[in-house]
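Asker: Structure supplied as my_file_20.cif; contents: mmCIF, C-alpha atoms.
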```
data_start
loop_
_atom_site.group_PDB
_atom_site.id
_atom_site.type_symbol
_atom_site.label_atom_id
_atom_site.label_comp_id
_atom_site.auth_asym_id
_atom_site.auth_seq_id
_atom_site.Cartn_x
_atom_site.Cartn_y
_atom_site.Cartn_z
ATOM 1 C CA MET A 20 100.095 149.296 -68.378
ATOM 2 C CA PRO A 21 97.180 149.938 -65.970
ATOM 3 C CA THR A 22 95.121 151.064 -68.966
ATOM 4 C CA LEU A 23 95.917 147.844 -70.850
ATOM 5 C CA LEU A 24 94.970 145.696 -67.862
ATOM 6 C CA LEU A 25 91.743 147.641 -67.400
ATOM 7 C CA GLN A 26 90.843 147.340 -71.079
ATOM 8 C CA SER A 27 91.547 143.605 -71.078
ATOM 9 C CA LEU A 28 89.888 142.547 -67.827
ATOM 10 C CA PHE A 29 87.184 145.083 -66.972
ATOM 11 C CA PRO A 30 84.848 143.935 -69.807
ATOM 12 C CA LEU A 31 85.106 140.357 -68.506
ATOM 13 C CA VAL A 32 84.168 141.297 -64.963
ATOM 14 C CA PHE A 33 81.453 143.739 -66.036
ATOM 15 C CA ILE A 34 79.643 141.364 -68.401
ATOM 16 C CA MET A 35 79.914 138.379 -66.051
ATOM 17 C CA LEU A 36 78.502 140.577 -63.278
ATOM 18 C CA LEU A 37 75.575 141.479 -65.551
ATOM 19 C CA GLY A 38 74.855 137.802 -66.069
ATOM 20 C CA TRP A 39 75.060 137.119 -62.334
ATOM 21 C CA LEU A 40 72.767 140.086 -61.555
ATOM 22 C CA SER A 41 70.311 138.903 -64.190
ATOM 23 C CA GLY A 42 69.942 135.654 -62.266
ATOM 24 C CA LYS A 43 69.907 137.409 -58.902
ATOM 25 C CA LEU A 44 67.130 139.810 -59.946
ATOM 26 C CA GLY A 45 65.094 137.055 -61.591
ATOM 27 C CA TYR A 46 65.338 138.434 -65.136
ATOM 28 C CA THR A 47 66.710 135.113 -66.335
ATOM 29 C CA ARG A 48 66.982 131.655 -64.822
ATOM 30 C CA ARG A 49 70.239 129.841 -64.243
ATOM 31 C CA GLU A 50 68.999 127.132 -66.612
ATOM 32 C CA ASP A 51 68.879 129.731 -69.413
ATOM 33 C CA ALA A 52 72.680 129.758 -69.446
ATOM 34 C CA SER A 53 72.642 126.442 -71.314
ATOM 35 C CA VAL A 54 70.552 128.002 -74.101
ATOM 36 C CA LEU A 55 72.920 130.964 -74.362
ATOM 37 C CA ALA A 56 75.886 128.604 -74.336
ATOM 38 C CA THR A 57 74.359 126.614 -77.199
ATOM 39 C CA VAL A 58 74.012 129.788 -79.288
ATOM 40 C CA VAL A 59 77.661 130.617 -78.623
ATOM 41 C CA ILE A 60 79.124 127.156 -79.171
ATOM 42 C CA ARG A 61 76.981 126.160 -82.171
ATOM 43 C CA PHE A 62 76.766 129.469 -84.032
ATOM 44 C CA ALA A 63 78.479 132.615 -82.750
ATOM 45 C CA LEU A 64 81.910 131.259 -81.813
ATOM 46 C CA PRO A 65 82.315 128.964 -84.870
ATOM 47 C CA PHE A 66 81.515 131.901 -87.182
ATOM 48 C CA HIS A 67 83.800 134.159 -85.177
ATOM 49 C CA LEU A 68 86.658 131.663 -85.538
ATOM 50 C CA PHE A 69 85.760 131.189 -89.208
ATOM 51 C CA ILE A 70 86.142 134.900 -89.958
ATOM 52 C CA GLY A 71 89.296 135.065 -87.852
ATOM 53 C CA ALA A 72 90.840 132.164 -89.758
ATOM 54 C CA LEU A 73 89.712 133.532 -93.120
ATOM 55 C CA ASN A 74 91.356 136.895 -92.415
ATOM 56 C CA THR A 75 94.576 135.398 -91.034
ATOM 57 C CA ASN A 76 97.723 135.254 -93.132
ATOM 58 C CA PRO A 77 98.136 131.639 -94.388
ATOM 59 C CA ASP A 78 101.805 131.684 -93.348
ATOM 60 C CA LYS A 79 100.754 132.202 -89.737
ATOM 61 C CA ILE A 80 98.292 129.320 -89.897
ATOM 62 C CA LYS A 81 101.098 127.037 -91.117
ATOM 63 C CA ASN A 82 103.254 127.851 -88.077
ATOM 64 C CA PHE A 83 103.923 124.308 -86.816
ATOM 65 C CA ALA A 84 106.064 125.504 -83.918
ATOM 66 C CA PHE A 85 103.047 127.441 -82.605
ATOM 67 C CA MET A 86 100.877 124.323 -82.897
ATOM 68 C CA ALA A 87 103.509 122.220 -81.132
ATOM 69 C CA VAL A 88 103.680 124.629 -78.191
ATOM 70 C CA LEU A 89 99.899 124.507 -77.756
ATOM 71 C CA VAL A 90 99.911 120.695 -77.929
ATOM 72 C CA ILE A 91 102.684 120.512 -75.319
ATOM 73 C CA GLY A 92 100.955 122.966 -72.984
ATOM 74 C CA LEU A 93 97.449 121.539 -73.289
ATOM 75 C CA MET A 94 98.177 117.825 -73.419
ATOM 76 C CA GLY A 95 101.224 118.049 -71.145
ATOM 77 C CA SER A 96 99.138 119.477 -68.305
ATOM 78 C CA TYR A 97 96.461 116.846 -69.045
ATOM 79 C CA PHE A 98 98.840 113.903 -68.674
ATOM 80 C CA LEU A 99 100.559 115.449 -65.650
ATOM 81 C CA THR A 100 97.207 115.790 -63.877
ATOM 82 C CA LEU A 101 96.293 112.253 -64.878
ATOM 83 C CA LEU A 102 99.405 110.965 -63.073
ATOM 84 C CA ILE A 103 98.784 113.149 -60.008
ATOM 85 C CA SER A 104 95.147 112.105 -59.832
ATOM 86 C CA ARG A 105 95.941 108.387 -60.134
ATOM 87 C CA TYR A 106 99.012 108.115 -57.911
ATOM 88 C CA VAL A 107 98.706 111.028 -55.459
ATOM 89 C CA PHE A 108 94.941 111.302 -54.925
ATOM 90 C CA ARG A 109 94.410 107.587 -55.730
ATOM 91 C CA HIS A 110 91.385 108.204 -57.949
ATOM 92 C CA ASP A 111 90.052 105.627 -60.391
ATOM 93 C CA ILE A 112 90.662 106.143 -64.114
ATOM 94 C CA LYS A 113 87.240 107.705 -64.738
ATOM 95 C CA THR A 114 87.621 110.307 -61.981
ATOM 96 C CA SER A 115 91.211 110.969 -63.058
ATOM 97 C CA ALA A 116 90.052 111.685 -66.609
ATOM 98 C CA ILE A 117 87.537 114.282 -65.394
ATOM 99 C CA GLN A 118 90.087 115.921 -63.088
ATOM 100 C CA SER A 119 92.602 116.054 -65.949
ATOM 101 C CA LEU A 120 90.036 117.743 -68.183
ATOM 102 C CA VAL A 121 89.302 120.322 -65.468
ATOM 103 C CA CYS A 122 93.014 121.125 -65.135
ATOM 104 C CA ALA A 123 93.909 121.192 -68.834
ATOM 105 C CA PHE A 124 90.884 122.474 -70.801
ATOM 106 C CA PRO A 125 91.044 126.302 -71.017
ATOM 107 C CA ASP A 126 87.873 128.350 -71.317
ATOM 108 C CA MET A 127 88.997 129.766 -74.649
ATOM 109 C CA ALA A 128 85.479 130.498 -75.873
ATOM 110 C CA TYR A 129 84.115 132.305 -72.819
ATOM 111 C CA PHE A 130 87.194 133.863 -71.233
ATOM 112 C CA GLY A 131 90.223 133.714 -73.491
ATOM 113 C CA ALA A 132 88.790 135.092 -76.734
ATOM 114 C CA PRO A 133 87.665 138.498 -75.325
ATOM 115 C CA VAL A 134 91.057 139.037 -73.644
ATOM 116 C CA LEU A 135 92.987 138.172 -76.796
ATOM 117 C CA ALA A 136 90.718 140.422 -78.859
ATOM 118 C CA VAL A 137 91.655 143.437 -76.718
ATOM 119 C CA LEU A 138 95.297 142.539 -76.167
ATOM 120 C CA ILE A 139 96.280 141.382 -79.660
ATOM 121 C CA GLY A 140 93.396 142.037 -82.033
ATOM 122 C CA PRO A 141 91.972 139.758 -84.732
ATOM 123 C CA GLU A 142 95.179 137.706 -84.916
ATOM 124 C CA GLY A 143 94.609 136.599 -81.340
ATOM 125 C CA PHE A 144 91.891 134.225 -82.467
ATOM 126 C CA LEU A 145 94.474 132.050 -84.199
ATOM 127 C CA GLY A 146 95.431 130.610 -80.804
ATOM 128 C CA VAL A 147 91.775 130.041 -79.897
ATOM 129 C CA LEU A 148 91.210 128.359 -83.265
ATOM 130 C CA ILE A 149 94.164 125.974 -83.019
ATOM 131 C CA GLY A 150 93.662 125.363 -79.302
ATOM 132 C CA ASN A 151 90.041 124.426 -79.909
ATOM 133 C CA LEU A 152 91.079 121.955 -82.597
ATOM 134 C CA ILE A 153 93.602 120.340 -80.242
ATOM 135 C CA THR A 154 91.060 119.896 -77.460
ATOM 136 C CA SER A 155 88.413 118.624 -79.902
ATOM 137 C CA VAL A 156 90.676 116.154 -81.697
ATOM 138 C CA PHE A 157 92.898 114.933 -78.838
ATOM 139 C CA MET A 158 91.793 115.904 -75.333
ATOM 140 C CA ILE A 159 88.034 115.347 -75.405
ATOM 141 C CA PRO A 160 88.117 112.007 -77.315
ATOM 142 C CA LEU A 161 90.822 110.729 -74.925
ATOM 143 C CA THR A 162 88.695 111.746 -71.930
ATOM 144 C CA ILE A 163 85.662 109.928 -73.345
ATOM 145 C CA ILE A 164 87.737 106.782 -73.889
ATOM 146 C CA LEU A 165 89.061 106.845 -70.309
ATOM 147 C CA ILE A 166 85.543 107.434 -68.942
ATOM 148 C CA ARG A 167 84.205 104.433 -70.870
ATOM 149 C CA MET A 168 87.125 102.313 -69.690
ATOM 150 C CA GLY A 169 86.278 103.310 -66.106
ATOM 151 C CA ASP A 170 82.595 102.479 -66.620
ATOM 152 C CA LYS A 171 83.407 99.032 -67.981
ATOM 153 C CA HIS A 172 85.835 98.340 -65.136
ATOM 154 C CA ALA A 173 83.311 99.469 -62.490
ATOM 155 C CA ALA A 174 80.638 97.241 -64.035
ATOM 156 C CA GLY A 175 82.999 94.269 -64.029
ATOM 157 C CA ASP A 176 82.705 93.990 -67.801
ATOM 158 C CA SER A 177 85.488 91.760 -69.081
ATOM 159 C CA GLU A 178 84.720 92.557 -72.719
ATOM 160 C CA GLU A 179 87.741 93.939 -74.538
ATOM 161 C CA ILE A 180 87.692 97.675 -75.087
ATOM 162 C CA HIS A 181 88.584 98.563 -78.652
ATOM 163 C CA ALA A 182 90.444 101.843 -78.129
ATOM 164 C CA GLY A 183 91.006 102.329 -81.847
ATOM 165 C CA LYS A 184 87.292 102.045 -82.575
ATOM 166 C CA LEU A 185 86.453 104.487 -79.775
ATOM 167 C CA ILE A 186 89.028 106.964 -81.096
ATOM 168 C CA VAL A 187 87.608 106.844 -84.631
ATOM 169 C CA GLN A 188 84.022 107.214 -83.380
ATOM 170 C CA ASN A 189 84.828 110.228 -81.235
ATOM 171 C CA LEU A 190 86.966 111.863 -83.918
ATOM 172 C CA LEU A 191 84.038 111.584 -86.337
ATOM 173 C CA LYS A 192 81.747 113.139 -83.730
ATOM 174 C CA ALA A 193 84.242 115.937 -83.144
ATOM 175 C CA ILE A 194 84.604 116.692 -86.849
ATOM 176 C CA ARG A 195 80.808 116.985 -87.238
ATOM 177 C CA ASN A 196 80.687 119.565 -84.444
ATOM 178 C CA PRO A 197 80.180 123.105 -85.859
ATOM 179 C CA ILE A 198 82.901 124.501 -83.587
ATOM 180 C CA VAL A 199 85.347 122.208 -85.399
ATOM 181 C CA TRP A 200 84.311 122.000 -89.045
ATOM 182 C CA ILE A 201 83.286 125.651 -89.510
ATOM 183 C CA PRO A 202 86.663 127.071 -88.330
ATOM 184 C CA ILE A 203 88.488 124.377 -90.315
ATOM 185 C CA SER A 204 86.582 125.580 -93.388
ATOM 186 C CA GLY A 205 87.902 129.073 -92.699
ATOM 187 C CA VAL A 206 91.449 127.703 -92.446
ATOM 188 C CA LEU A 207 91.125 125.843 -95.750
ATOM 189 C CA LEU A 208 89.690 128.896 -97.514
ATOM 190 C CA SER A 209 92.501 131.050 -96.142
ATOM 191 C CA LEU A 210 95.149 128.569 -97.319
ATOM 192 C CA ALA A 211 93.478 128.511 -100.741
ATOM 193 C CA GLY A 212 93.455 132.322 -100.902
ATOM 194 C CA VAL A 213 89.649 132.481 -101.202
ATOM 195 C CA GLN A 214 87.758 135.581 -100.034
ATOM 196 C CA LEU A 215 84.029 135.603 -99.386
ATOM 197 C CA PRO A 216 81.820 138.230 -101.045
ATOM 198 C CA HIS A 217 80.894 141.085 -98.720
ATOM 199 C CA MET A 218 77.199 140.183 -98.830
ATOM 200 C CA LEU A 219 78.005 136.791 -97.257
ATOM 201 C CA SER A 220 80.820 137.796 -94.920
ATOM 202 C CA MET A 221 78.864 140.687 -93.353
ATOM 203 C CA PRO A 222 76.077 138.561 -91.723
ATOM 204 C CA ILE A 223 78.649 135.970 -90.649
ATOM 205 C CA GLU A 224 80.640 138.716 -88.912
ATOM 206 C CA MET A 225 77.468 140.047 -87.265
ATOM 207 C CA VAL A 226 76.734 136.640 -85.742
ATOM 208 C CA GLY A 227 80.365 136.139 -84.744
ATOM 209 C CA LYS A 228 80.625 139.465 -82.931
ATOM 210 C CA ILE A 229 78.126 138.405 -80.256
ATOM 211 C CA ALA A 230 80.297 135.459 -79.180
ATOM 212 C CA GLY A 231 82.415 137.215 -76.556
ATOM 213 C CA GLY A 232 79.710 139.228 -74.789
ATOM 214 C CA LEU A 233 77.060 136.517 -74.846
ATOM 215 C CA SER A 234 79.460 133.857 -73.594
ATOM 216 C CA LEU A 235 80.586 135.983 -70.645
ATOM 217 C CA PHE A 236 76.970 136.828 -69.780
ATOM 218 C CA ALA A 237 76.108 133.117 -69.799
ATOM 219 C CA LEU A 238 79.143 132.387 -67.640
ATOM 220 C CA GLY A 239 78.042 134.920 -65.013
ATOM 221 C CA LEU A 240 74.491 133.550 -65.063
ATOM 222 C CA LEU A 241 75.786 129.996 -64.685
ATOM 223 C CA PHE A 242 77.712 130.958 -61.559
ATOM 224 C CA TYR A 243 74.651 132.420 -59.846
ATOM 225 C CA GLY A 244 73.704 130.308 -56.829
ATOM 226 C CA GLU A 245 76.956 128.316 -56.796
ATOM 227 C CA ARG A 246 78.543 127.595 -53.389
ATOM 228 C CA PRO A 247 82.156 126.530 -54.013
ATOM 229 C CA THR A 248 84.145 124.284 -51.665
ATOM 230 C CA VAL A 249 87.803 124.989 -50.892
ATOM 231 C CA ASN A 250 89.958 121.919 -50.254
ATOM 232 C CA ILE A 251 93.179 120.270 -51.445
ATOM 233 C CA GLN A 252 91.481 119.106 -54.644
ATOM 234 C CA THR A 253 90.291 122.553 -55.756
ATOM 235 C CA CYS A 254 93.571 124.216 -54.748
ATOM 236 C CA THR A 255 95.560 121.657 -56.746
ATOM 237 C CA ASN A 256 93.297 121.991 -59.783
ATOM 238 C CA ILE A 257 93.419 125.789 -59.801
ATOM 239 C CA SER A 258 97.202 125.816 -59.323
ATOM 240 C CA ILE A 259 97.755 123.476 -62.258
ATOM 241 C CA LYS A 260 95.321 125.277 -64.560
ATOM 242 C CA ASN A 261 95.967 128.940 -63.736
ATOM 243 C CA LEU A 262 99.685 128.802 -62.968
ATOM 244 C CA LEU A 263 101.401 125.612 -64.130
ATOM 245 C CA GLN A 264 99.822 125.414 -67.588
ATOM 246 C CA PRO A 265 100.847 128.965 -68.632
ATOM 247 C CA ALA A 266 104.337 128.233 -67.255
ATOM 248 C CA MET A 267 104.501 125.121 -69.465
ATOM 249 C CA MET A 268 103.290 127.186 -72.428
ATOM 250 C CA ALA A 269 105.958 129.825 -71.763
ATOM 251 C CA ALA A 270 108.756 127.241 -71.431
ATOM 252 C CA ALA A 271 107.707 125.471 -74.640
ATOM 253 C CA GLY A 272 107.350 128.825 -76.445
ATOM 254 C CA LEU A 273 110.884 129.835 -75.476
ATOM 255 C CA ALA A 274 112.217 126.431 -76.542
ATOM 256 C CA PHE A 275 110.560 126.751 -79.969
ATOM 257 C CA GLY A 276 111.541 130.424 -80.365
ATOM 258 C CA LEU A 277 108.041 131.861 -80.802
ATOM 259 C CA SER A 278 107.638 135.533 -81.589
ATOM 260 C CA HIS A 279 106.464 137.922 -78.868
ATOM 261 C CA THR A 280 102.906 138.052 -80.247
ATOM 262 C CA LEU A 281 102.607 134.266 -80.398
ATOM 263 C CA MET A 282 104.114 133.967 -76.910
ATOM 264 C CA GLN A 283 101.400 136.316 -75.680
ATOM 265 C CA GLN A 284 98.741 134.099 -77.207
ATOM 266 C CA VAL A 285 99.960 130.808 -75.746
ATOM 267 C CA ILE A 286 100.511 132.271 -72.258
ATOM 268 C CA ILE A 287 97.093 133.958 -72.196
ATOM 269 C CA ILE A 288 95.452 130.715 -73.348
ATOM 270 C CA GLY A 289 97.357 128.781 -70.696
ATOM 271 C CA ALA A 290 96.323 131.230 -67.954
ATOM 272 C CA THR A 291 92.673 131.069 -68.996
ATOM 273 C CA PRO A 292 90.547 129.328 -66.306
ATOM 274 C CA SER A 293 88.971 125.897 -66.752
ATOM 275 C CA ALA A 294 86.231 125.535 -69.331
ATOM 276 C CA ILE A 295 82.608 125.106 -68.319
ATOM 277 C CA ALA A 296 82.574 122.085 -70.661
ATOM 278 C CA ALA A 297 84.753 120.200 -68.168
ATOM 279 C CA GLY A 298 82.023 120.641 -65.570
ATOM 280 C CA MET A 299 79.473 119.396 -68.086
ATOM 281 C CA PHE A 300 81.505 116.187 -68.501
ATOM 282 C CA ALA A 301 81.522 115.710 -64.715
ATOM 283 C CA LEU A 302 77.744 116.147 -64.560
ATOM 284 C CA ARG A 303 77.127 113.825 -67.475
ATOM 285 C CA SER A 304 79.405 111.156 -65.999
ATOM 286 C CA ASP A 305 78.116 111.667 -62.432
ATOM 287 C CA THR A 306 81.739 111.802 -61.304
ATOM 288 C CA TYR A 307 83.882 114.398 -59.529
ATOM 289 C CA ILE A 308 81.010 116.905 -59.702
ATOM 290 C CA GLU A 309 81.615 119.053 -56.616
ATOM 291 C CA PRO A 310 85.414 119.413 -56.995
ATOM 292 C CA ALA A 311 84.996 120.161 -60.704
ATOM 293 C CA SER A 312 82.342 122.867 -60.246
ATOM 294 C CA SER A 313 84.201 124.446 -57.304
ATOM 295 C CA SER A 314 87.478 124.446 -59.261
ATOM 296 C CA ILE A 315 85.847 126.089 -62.281
ATOM 297 C CA LEU A 316 84.033 128.748 -60.245
ATOM 298 C CA LEU A 317 86.939 129.673 -57.975
ATOM 299 C CA GLY A 318 89.418 129.300 -60.832
ATOM 300 C CA THR A 319 87.449 131.781 -62.931
ATOM 301 C CA ALA A 320 87.326 134.317 -60.089
ATOM 302 C CA ILE A 321 91.045 133.899 -59.386
ATOM 303 C CA GLY A 322 91.706 133.808 -63.128
ATOM 304 C CA VAL A 323 90.832 137.482 -63.432
ATOM 305 C CA VAL A 324 93.815 138.188 -61.153
ATOM 306 C CA THR A 325 96.223 135.629 -62.625
ATOM 307 C CA GLU A 326 95.300 136.665 -66.166
ATOM 308 C CA GLY A 327 96.067 140.280 -65.213
ATOM 309 C CA ILE A 328 99.460 139.211 -63.852
ATOM 310 C CA MET A 329 100.239 137.328 -67.046
ATOM 311 C CA ILE A 330 99.231 140.321 -69.189
ATOM 312 C CA TYR A 331 101.503 142.546 -67.103
ATOM 313 C CA LEU A 332 104.451 140.137 -67.426
ATOM 314 C CA ILE A 333 104.181 139.523 -71.160
ATOM 315 C CA SER A 334 103.522 143.153 -72.078
#
```
Starting from the file, give its structure as structure tokens.
Answerer:
Amino acid sequence: MPTLLLQSLFPLVFIMLLGWLSGKLGYTRREDASVLATVVIRFALPFHLFIGALNTNPDKIKNFAFMAVLVIGLMGSYFLTLLISRYVFRHDIKTSAIQSLVCAFPDMAYFGAPVLAVLIGPEGFLGVLIGNLITSVFMIPLTIILIRMGDKHAAGDSEEIHAGKLIVQNLLKAIRNPIVWIPISGVLLSLAGVQLPHMLSMPIEMVGKIAGGLSLFALGLLFYGERPTVNIQTCTNISIKNLLQPAMMAAAGLAFGLSHTLMQQVIIIGATPSAIAAGMFALRSDTYIEPASSSILLGTAIGVVTEGIMIYLIS
């Protein structure tokens, strides 16, 4: 067991530390993390998920119980946080949407994928693939709608908000995103039983293999110079994301009778710290910036420990 924990978590800490040291020593600038993140999100990770989906047994992709558990865990924690934010912390709808995203959006690309690769192997990317689709199709469009509703309310705009139109617009934007349509292409090819020629699959695999290391390096670089704040907001956010969400995943997995391997995937995804993308939404919306960034930074540091505990429990 100690060897498994070391193999799963040491690469995360080591590569993030390299990124942090790169910023500390002046080899790279903190702003460079956005460029590295673009390479990961637009190219490396989509191709990595594409190959993972292409090499996954079609019967496993059609596991609707597995999808349902991920929907319950991801969206359940989102709506729970939305209620807490609105009626406990008394935030407006825009701030509540950002806080919900911070508490429910796992960092599957940066943090979860490398852990699953070591713990489970290539099949572990099935959870990352489906989880990414759920966040892209449901969570992010819903957050954008709530943010726009908050903006209109704050501006005193009495014009009716057409939720259906907003949903369609954001779904179309999500589908055009490479991290959505490229993995979906892999799923469709797998279901159709199509295999790519080696000459084409080899360069795709080469690009995909840099996703884990480059994303962790960018994450460490992004955290350089951050000064987190500890308060009731950050403690609540970290508790929901790092502890409550994996508990919800585990409960739903037991209810749906998932296999041990699939249970490992959903719990690891649930225990994964908040995604950097949630912080990007806070910055872009100029809302909830300090609590969001502090929650993501501290949650990632604590996530190394909580992820280790989850690995120990499920193994």
Asker: Which is closer to A:Pro77 than all the others in A:Ser209, A:Ser220, A:Thr114, A:Thr162, using all atoms listed in the file?
Answerer: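 For A:Pro77, the nearest of the given residues is A:Ser209.
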Asker: I'd like the residues picked by the PyMOL selection byres ((chain A and resi 329) around 9) written out as a list in words, using the chain letters and numbers from the file.
Answerer: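 In the shown coordinates, the PyMOL selection byres ((chain A and resi 329) around 9) covers Pro265, Gln283, Ile286, Ile287, Ala290, Val324, Thr325, Glu326, Gly327, Ile328, Ile330, Tyr331, Leu332, Ile333 and Ser334 of chain A.
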Asker: Just give me the residues with any atom within 12 Å of (91.9, 141.9, -81.4), file coordinates, counting all atoms listed in the file, written as a list in words.
Answerer: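 Final list of nearby residues, as requested, is Gln26, Ser27, His67, Gly71, Thr75, Gly131, Ala132, Pro133, Val134, Leu135, Ala136, Val137, Leu138, Ile139, Gly140, Pro141, Glu142, Gly143, Phe144, Leu145, Gly146, Val147, Lys228, Gly231, Thr280 and Gln284 of chain A.
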Asker: Could you tell me which residues the PyMOL selection byres ((chain A and resi 215-219) around 12) returns for this structure, as a VMD selection string?
Answerer: chain A and resid 66 69 to 70 73 to 74 204 to 205 208 to 209 211 to 214 220 to 226
Asker: Quick one: residues within 9 Å of A:Gly239, only C-alpha atoms counted, chain neighbours fewer than 2 positions away excluded, as a list of chain:residue names?
Answerer: A:Val32, A:Ile34, A:Met35, A:Leu36, A:Leu37, A:Gly38, A:Trp39, A:Leu40, A:Ser41, A:Gly42, A:Ala52, A:Ser234, A:Leu235, A:Phe236, A:Ala237, A:Leu241, A:Phe242, A:Tyr243
Asker: Looking at A:Phe124, A:Tyr106, A:Tyr46, A:Phe29, which one is nearest to A:Asn261, with distances taken over all atoms listed in the file?
Answerer: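 Once distances to A:Asn261 are computed over all atoms listed in the file, the minimum belongs to A:Phe124.
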Asker: Taking all atoms listed in the file into account, name the residue in A:Gly95, A:Ala87, A:Ala320, A:Ala116 that is nearest to A:Ile257.
Answerer: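 Closest candidate: A:Ala320.
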Asker: Can you give me, as a list in words, the residues this file yields under the PyMOL selection byres ((chain A and resi 117) around 8)?
Answerer: Lys113, Thr114, Ser115, Ala116, Gln118, Ser119, Leu120, Val121, Thr162, Ile166, Ala297, Phe300, Ala301, Thr306, Tyr307 and Ala311 of chain A
Asker: Counting only C-alpha atoms, what is within 10 Å of A:Asn151, bar same-chain residues fewer than 4 positions away, as a list in words?
Answerer: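 Near neighbours after the sequence-gap exclusion: Leu68, Phe124, Pro125, Asp126, Met127, Ala128, Leu145, Gly146, Val147, Ser155, Val156, Phe157, Met158, Ile198, Val199 and Pro202 of chain A.
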Asker: Any idea what's packed within 12 Å of A:Asn82, counting all atoms listed in the file, ignoring anything in its chain fewer than 3 positions away? Could you give it as a PyMOL selection string?
Answerer: chain A and resi 75-79+85-89+145-146+149+275-278+281
Asker: Given all atoms listed in the file as the basis, pick out the residue of A:Leu148, A:Ile229, A:Val107, A:Ala274 nearest to A:Val58.
Answerer: A:Ile229
Asker: Rounded to one decimal in Å, what is the spacing between atom CA of A:Ala123 and atom CA of A:Thr154?
Answerer: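 Separation between atom CA of A:Ala123 and atom CA of A:Thr154: 9.2 Å.
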Asker: Would you mind telling me which residue in A:Leu152, A:Thr248, A:Gly298, A:Arg49 lies nearest to A:Asn196 when using all atoms listed in the file?
Answerer: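 Result for the nearest residue to A:Asn196: A:Leu152.
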Asker: Ranking A:Leu233, A:Met267, A:Met282, A:Ile112 by minimum distance to A:Leu31 and counting only C-alpha atoms, which one comes first?
Answerer: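 Using only C-alpha atoms, A:Leu31 sits closest to A:Leu233.
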Asker: In Å, with one decimal, what is the gap from atom CA of A:Thr100 to atom CA of A:Gln264?
Answerer: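 The value is 10.6 Å.
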Asker: Calculate, to one decimal in Å, the centre and edge lengths of the box along x, y and z of the file that holds all listed atoms of stretch 110-125 of chain A with 4 Å of margin on each side, and present them as JSON.
Answerer:
```
{"center_x": 90.6, "center_y": 116.0, "center_z": -64.5, "size_x": 14.7, "size_y": 28.7, "size_z": 21.1}
```
Asker: Just to confirm, what's the straight-line distance from atom CA of A:Val90 to atom CA of A:Gly272 in Å (one decimal)?
Answerer: 11.1 Å
